[in-house]
Amino acid sequence: MERYAIPYARPGQVVGLFGGSFDPPHQGHVHVTLEAMKAFGLDRVWWLVSPGNPLKERGPAPLARRIEAAKAVMQHPRVEVTDIEAQTRTRATADTLAALRRLYPQVRFVWLMGADNLAQFHKWKDWRQIMDSVPVGVVARPGDRISARMSPAARIYAKYRIDGQARQLLGQAEAPAWCFVNVPMVDLSSTELRQRGGWADGVLPE
Ligand SMILES: Nc1ncnc2c1ncn2[C@@H]1O[C@H](COP(=O)(O)OP(=O)(O)OP(=O)(O)O)[C@@H](O)[C@H]1O
Ligand SMILES: O=C(O)c1ccc[n+]([C@@H]2O[C@H](COP(=O)([O-])O)[C@@H](O)[C@H]2O)c1
């Protein structure tokens with residue numbers, strides 16, 4: 001498979017890491033990226049197109065296809081679509097973050113996710129290590145705002161929550177620190193797009 005360059009970031013820059021299956025990518029992903037970049041004061045965002053979510057039984061479409069589709073959907077000078085996890089040979093986010101921190105010791109990383117993932121976060125491998133090593137920015141998603149805020153991760157790390165009004169501080173914060181932002185939401189999911197059809201044959205659904 002074609003390998004993509006490991007992206008560039010200047011020392012001291014704040015880079016949001018947006019991991020996902022992107023199977024297929026959609027405007028909800030684009031929306032979260034742009035909102036997060038603005039909300040959390042990020043210099044750049046890297047999409048980490050996952051070779052395979054460790055918790056999902058169903059294997060996704062081939063990585064190269066998802067990456068090409070992601071590049072078609074997400075076009076912004078400060079956002080890069082990457083296959084970093086294929087290059088670092090990591091699947092679990094904690095392992096990916098450890099590899100990235102070794103590769104980019106002078107870059108500040110912020111982990112980004114939709115509210116549905118915060119609700120499940122306590123099931124991720126070494127999730128506390130993730131919380132303790134990078135700030136985490138959470139963006140509202142239809143149907144998941146309450147489950148996210150009531151989730152085990154949110155409760156256990158309640159005292160490290162940065163209020164939404166101070167969201168701009170997240171990028172410079174020392175971990176543990178997390179922030180939930182209640183921005184306008186886009187009601188789209190890859191599941192819904194797969195059900196619309198076409199993607200299985202390589203066509204990006206409208
Ligand atoms: N509409 C959305 N609003 C907010 N966050 C979203 C939205 N869609 C996806 N995300 C977030 O994007 C990241 C990657 O998600 P993923 O690629 O699994 O998309 P998905 O639409 O959730 O897919 P699926 O329906 O297959 O689970 C996750 O952190 C997820 O929470
Ligand atoms: O590390 C884990 O245990 C883990 C468990 C579930 C999901 N993740 C990551 O969460 C991101 C979103 O995954 P997904 O499939 O919901 O798009 C993606 O980067 C996954 O690798 C990570």
# chains A, B, ... in the order shown; residues from 1 in each chain; ligands from 1
>>> residues_near_ligand(ligand="ligand 1", cutoff="6 Å", atoms="only C-alpha atoms and all ligand atoms", output="short mmCIF file (atom, residue, chain, number, x, y, z; two decimals) with C-alpha atoms, in the first residue's frame")
data_model
loop_
_atom_site.label_atom_id
_atom_site.label_comp_id
_atom_site.auth_asym_id
_atom_site.auth_seq_id
_atom_site.Cartn_x
_atom_site.Cartn_y
_atom_site.Cartn_z
CA GLY A 19 -8.90 9.34 15.15
CA GLY A 20 -11.62 7.43 13.41
CA SER A 21 -12.72 4.61 11.19
CA PHE A 22 -14.01 7.11 8.60
CA ASP A 23 -15.92 4.26 6.96
CA GLY A 28 -20.01 15.37 10.49
CA HIS A 29 -16.28 14.62 10.67
CA VAL A 32 -16.15 18.39 14.28
CA MET A 113 -13.50 12.90 19.76
CA GLY A 114 -17.26 13.05 19.46
CA ALA A 115 -19.43 12.71 22.57
CA ASP A 116 -20.33 9.07 21.76
CA ASN A 117 -16.72 8.10 22.25
CA VAL A 139 -17.47 17.74 20.68
CA ALA A 140 -21.25 17.35 21.11
CA ARG A 141 -22.99 14.77 18.97
CA VAL A 186 -24.46 17.71 12.44
CA ASP A 187 -26.65 14.62 12.53
CA LEU A 188 -24.68 12.29 10.29
CA SER A 189 -23.01 8.93 10.86
CA SER A 190 -21.03 6.47 8.79
CA THR A 191 -23.51 3.75 9.77
#
>>> residues_around(residues="A:Ala148", least_positions_apart="2", cutoff="9 Å", atoms="only C-alpha atoms", output="number ranges by chain")
A: 115-120, 140, 144-146, 150-154
>>> write_last_selection(atoms="N, CA and C atoms", output="PDB file, in the first residue's frame")
ATOM      1  N   ALA A 115     -18.909  13.057  21.243  1.00  0.00           N
ATOM      2  CA  ALA A 115     -19.429  12.711  22.572  1.00  0.00           C
ATOM      3  C   ALA A 115     -19.701  11.214  22.729  1.00  0.00           C
ATOM      4  N   ASP A 116     -20.056  10.524  21.647  1.00  0.00           N
ATOM      5  CA  ASP A 116     -20.332   9.074  21.761  1.00  0.00           C
ATOM      6  C   ASP A 116     -19.089   8.329  22.234  1.00  0.00           C
ATOM      7  N   ASN A 117     -17.933   8.799  21.831  1.00  0.00           N
ATOM      8  CA  ASN A 117     -16.717   8.102  22.250  1.00  0.00           C
ATOM      9  C   ASN A 117     -16.363   8.369  23.706  1.00  0.00           C
ATOM     10  N   LEU A 118     -16.739   9.552  24.215  1.00  0.00           N
ATOM     11  CA  LEU A 118     -16.486   9.775  25.651  1.00  0.00           C
ATOM     12  C   LEU A 118     -17.353   8.818  26.485  1.00  0.00           C
ATOM     13  N   ALA A 119     -18.553   8.555  26.005  1.00  0.00           N
ATOM     14  CA  ALA A 119     -19.448   7.646  26.739  1.00  0.00           C
ATOM     15  C   ALA A 119     -18.849   6.240  26.856  1.00  0.00           C
ATOM     16  N   GLN A 120     -18.031   5.849  25.879  1.00  0.00           N
ATOM     17  CA  GLN A 120     -17.419   4.506  25.847  1.00  0.00           C
ATOM     18  C   GLN A 120     -15.949   4.508  26.270  1.00  0.00           C
ATOM     19  N   ALA A 140     -19.884  17.882  20.991  1.00  0.00           N
ATOM     20  CA  ALA A 140     -21.250  17.349  21.113  1.00  0.00           C
ATOM     21  C   ALA A 140     -21.646  16.567  19.858  1.00  0.00           C
ATOM     22  N   ASP A 144     -25.905  11.979  22.167  1.00  0.00           N
ATOM     23  CA  ASP A 144     -24.867  11.494  23.089  1.00  0.00           C
ATOM     24  C   ASP A 144     -24.397  12.523  24.091  1.00  0.00           C
ATOM     25  N   ARG A 145     -25.046  13.683  24.147  1.00  0.00           N
ATOM     26  CA  ARG A 145     -24.528  14.725  25.036  1.00  0.00           C
ATOM     27  C   ARG A 145     -24.661  14.315  26.504  1.00  0.00           C
ATOM     28  N   ILE A 146     -25.809  13.693  26.837  1.00  0.00           N
ATOM     29  CA  ILE A 146     -26.035  13.361  28.250  1.00  0.00           C
ATOM     30  C   ILE A 146     -25.231  12.120  28.641  1.00  0.00           C
ATOM     31  N   MET A 150     -22.423  11.906  31.688  1.00  0.00           N
ATOM     32  CA  MET A 150     -22.663  11.008  32.822  1.00  0.00           C
ATOM     33  C   MET A 150     -21.724   9.799  32.798  1.00  0.00           C
ATOM     34  N   SER A 151     -20.854   9.721  31.839  1.00  0.00           N
ATOM     35  CA  SER A 151     -20.054   8.497  31.632  1.00  0.00           C
ATOM     36  C   SER A 151     -19.026   8.312  32.752  1.00  0.00           C
ATOM     37  N   PRO A 152     -18.538   7.082  32.944  1.00  0.00           N
ATOM     38  CA  PRO A 152     -17.505   6.845  33.959  1.00  0.00           C
ATOM     39  C   PRO A 152     -16.283   7.743  33.773  1.00  0.00           C
ATOM     40  N   ALA A 153     -15.829   7.930  32.546  1.00  0.00           N
ATOM     41  CA  ALA A 153     -14.629   8.767  32.342  1.00  0.00           C
ATOM     42  C   ALA A 153     -14.914  10.201  32.780  1.00  0.00           C
ATOM     43  N   ALA A 154     -16.095  10.722  32.424  1.00  0.00           N
ATOM     44  CA  ALA A 154     -16.434  12.102  32.791  1.00  0.00           C
ATOM     45  C   ALA A 154     -16.529  12.235  34.307  1.00  0.00           C
TER      46      ALA A 154
END
>>> residues_near_ligand(ligand="ligand 2", cutoff="6 Å", atoms="only C-alpha atoms and all ligand atoms", output="ChimeraX atom specification")
/A:19-21,50,53-55,91-94,124-125
>>> closest_residue(among="A:Tyr160, A:Phe40, A:Tyr8, A:Phe18", to="A:Leu112", atoms="only C-alpha atoms")
A:Phe18
>>> residues_around(residues="A:Arg10", least_positions_apart="5", cutoff="12 Å", atoms="only C-alpha atoms", output="list in words")
Val15, Asp43, Arg44, Tyr104, Pro105, Gln106, Val107 and Arg108 of chain A
>>> write_last_selection(atoms="N, CA and C atoms", output="mmCIF file, in the first residue's frame")
data_model
loop_
_atom_site.group_PDB
_atom_site.id
_atom_site.type_symbol
_atom_site.label_atom_id
_atom_site.label_comp_id
_atom_site.auth_asym_id
_atom_site.auth_seq_id
_atom_site.Cartn_x
_atom_site.Cartn_y
_atom_site.Cartn_z
ATOM 1 N N VAL A 15 -1.408 20.400 18.048
ATOM 2 C CA VAL A 15 -1.988 19.573 16.987
ATOM 3 C C VAL A 15 -3.121 18.725 17.560
ATOM 4 N N ASP A 43 -3.465 24.633 16.243
ATOM 5 C CA ASP A 43 -2.782 25.107 15.045
ATOM 6 C C ASP A 43 -3.110 24.230 13.853
ATOM 7 N N ARG A 44 -3.215 22.934 14.110
ATOM 8 C CA ARG A 44 -3.474 21.984 13.026
ATOM 9 C C ARG A 44 -4.299 20.835 13.572
ATOM 10 N N TYR A 104 7.459 13.172 18.070
ATOM 11 C CA TYR A 104 7.295 14.642 18.074
ATOM 12 C C TYR A 104 7.382 15.167 19.512
ATOM 13 N N PRO A 105 8.567 15.079 20.117
ATOM 14 C CA PRO A 105 8.648 15.447 21.544
ATOM 15 C C PRO A 105 8.303 16.911 21.810
ATOM 16 N N GLN A 106 8.380 17.776 20.787
ATOM 17 C CA GLN A 106 8.153 19.208 21.052
ATOM 18 C C GLN A 106 6.786 19.701 20.588
ATOM 19 N N VAL A 107 5.945 18.776 20.164
ATOM 20 C CA VAL A 107 4.609 19.168 19.714
ATOM 21 C C VAL A 107 3.617 18.884 20.834
ATOM 22 N N ARG A 108 2.630 19.786 20.981
ATOM 23 C CA ARG A 108 1.572 19.562 21.984
ATOM 24 C C ARG A 108 0.398 18.892 21.276
#
>>> select_by_dssp(residues="stretch 55-124 of chain A", states="alpha helix (DSSP H)", output="ChimeraX atom specification")
/A:63-73,84-88,93-103,115-120
>>> select_by_dssp(residues="stretch 5-192 of chain A", states="strand (DSSP E)", output="PyMOL selection string")
chain A and resi 14-20+44-49+79-82+108-114+136-139+178-181
>>> write_last_selection(atoms="N, CA and C atoms", output="short mmCIF file (atom, residue, chain, number, x, y, z; two decimals), in the first residue's frame")
data_model
loop_
_atom_site.label_atom_id
_atom_site.label_comp_id
_atom_site.auth_asym_id
_atom_site.auth_seq_id
_atom_site.Cartn_x
_atom_site.Cartn_y
_atom_site.Cartn_z
N VAL A 14 0.25 23.29 18.50
CA VAL A 14 -0.78 22.46 19.12
C VAL A 14 -1.51 21.72 18.01
N VAL A 15 -1.41 20.40 18.05
CA VAL A 15 -1.99 19.57 16.99
C VAL A 15 -3.12 18.73 17.56
N GLY A 16 -4.31 18.87 16.99
CA GLY A 16 -5.43 18.02 17.38
C GLY A 16 -5.35 16.71 16.61
N LEU A 17 -5.51 15.61 17.33
CA LEU A 17 -5.50 14.29 16.70
C LEU A 17 -6.93 13.78 16.65
N PHE A 18 -7.44 13.57 15.46
CA PHE A 18 -8.82 13.13 15.31
C PHE A 18 -8.81 11.73 14.72
N GLY A 19 -8.94 10.73 15.59
CA GLY A 19 -8.90 9.34 15.15
C GLY A 19 -10.28 8.84 14.78
N GLY A 20 -10.31 7.98 13.76
CA GLY A 20 -11.62 7.43 13.41
C GLY A 20 -11.53 6.34 12.37
N ARG A 44 -3.21 22.93 14.11
CA ARG A 44 -3.47 21.98 13.03
C ARG A 44 -4.30 20.83 13.57
N VAL A 45 -4.91 20.08 12.65
CA VAL A 45 -5.56 18.82 13.02
C VAL A 45 -5.07 17.73 12.06
N TRP A 46 -4.72 16.60 12.64
CA TRP A 46 -4.38 15.44 11.81
C TRP A 46 -5.48 14.40 11.98
N TRP A 47 -6.03 13.96 10.88
CA TRP A 47 -6.96 12.83 10.95
C TRP A 47 -6.13 11.54 11.00
N LEU A 48 -6.39 10.70 11.96
CA LEU A 48 -5.72 9.40 12.02
C LEU A 48 -6.72 8.36 11.53
N VAL A 49 -6.61 7.99 10.28
CA VAL A 49 -7.56 7.01 9.72
C VAL A 49 -7.11 5.64 10.23
N VAL A 79 -5.45 21.08 7.94
CA VAL A 79 -5.89 19.73 8.32
C VAL A 79 -5.23 18.71 7.39
N GLU A 80 -4.71 17.67 7.98
CA GLU A 80 -4.05 16.64 7.18
C GLU A 80 -4.65 15.26 7.46
N VAL A 81 -4.89 14.53 6.39
CA VAL A 81 -5.40 13.15 6.52
C VAL A 81 -4.19 12.23 6.51
N THR A 82 -4.07 11.37 7.52
CA THR A 82 -2.85 10.56 7.64
C THR A 82 -3.15 9.07 7.85
N ARG A 108 2.63 19.79 20.98
CA ARG A 108 1.57 19.56 21.98
C ARG A 108 0.40 18.89 21.28
N PHE A 109 0.02 17.70 21.74
CA PHE A 109 -1.11 17.00 21.12
C PHE A 109 -2.36 17.13 21.98
N VAL A 110 -3.50 17.20 21.29
CA VAL A 110 -4.81 17.18 21.95
C VAL A 110 -5.61 16.07 21.27
N TRP A 111 -6.17 15.17 22.05
CA TRP A 111 -6.99 14.11 21.45
C TRP A 111 -8.42 14.63 21.27
N LEU A 112 -8.97 14.43 20.07
CA LEU A 112 -10.32 14.92 19.77
C LEU A 112 -11.28 13.76 19.57
N MET A 113 -12.51 13.94 20.05
CA MET A 113 -13.50 12.90 19.76
C MET A 113 -14.91 13.44 19.92
N GLY A 114 -15.86 12.72 19.30
CA GLY A 114 -17.26 13.05 19.46
C GLY A 114 -17.76 12.51 20.81
N VAL A 136 -7.92 16.36 26.31
CA VAL A 136 -8.92 15.70 25.47
C VAL A 136 -10.06 16.69 25.19
N GLY A 137 -10.35 16.90 23.91
CA GLY A 137 -11.44 17.79 23.51
C GLY A 137 -12.61 16.97 22.99
N VAL A 138 -13.78 17.20 23.56
CA VAL A 138 -14.96 16.40 23.20
C VAL A 138 -15.99 17.33 22.56
N VAL A 139 -16.51 16.92 21.42
CA VAL A 139 -17.47 17.74 20.68
C VAL A 139 -18.84 17.07 20.74
N TRP A 178 -9.77 18.08 30.27
CA TRP A 178 -10.67 17.78 29.15
C TRP A 178 -11.77 18.83 29.11
N CYS A 179 -12.35 18.95 27.93
CA CYS A 179 -13.37 19.99 27.75
C CYS A 179 -14.43 19.48 26.79
N PHE A 180 -15.67 19.68 27.19
CA PHE A 180 -16.80 19.29 26.34
C PHE A 180 -17.38 20.56 25.74
N VAL A 181 -17.48 20.62 24.42
CA VAL A 181 -18.07 21.83 23.83
C VAL A 181 -19.39 21.51 23.16
#
>>> atom_distance(atom1="atom CA of A:Asp201", atom2="atom CA of A:Glu57")
20.5 Å
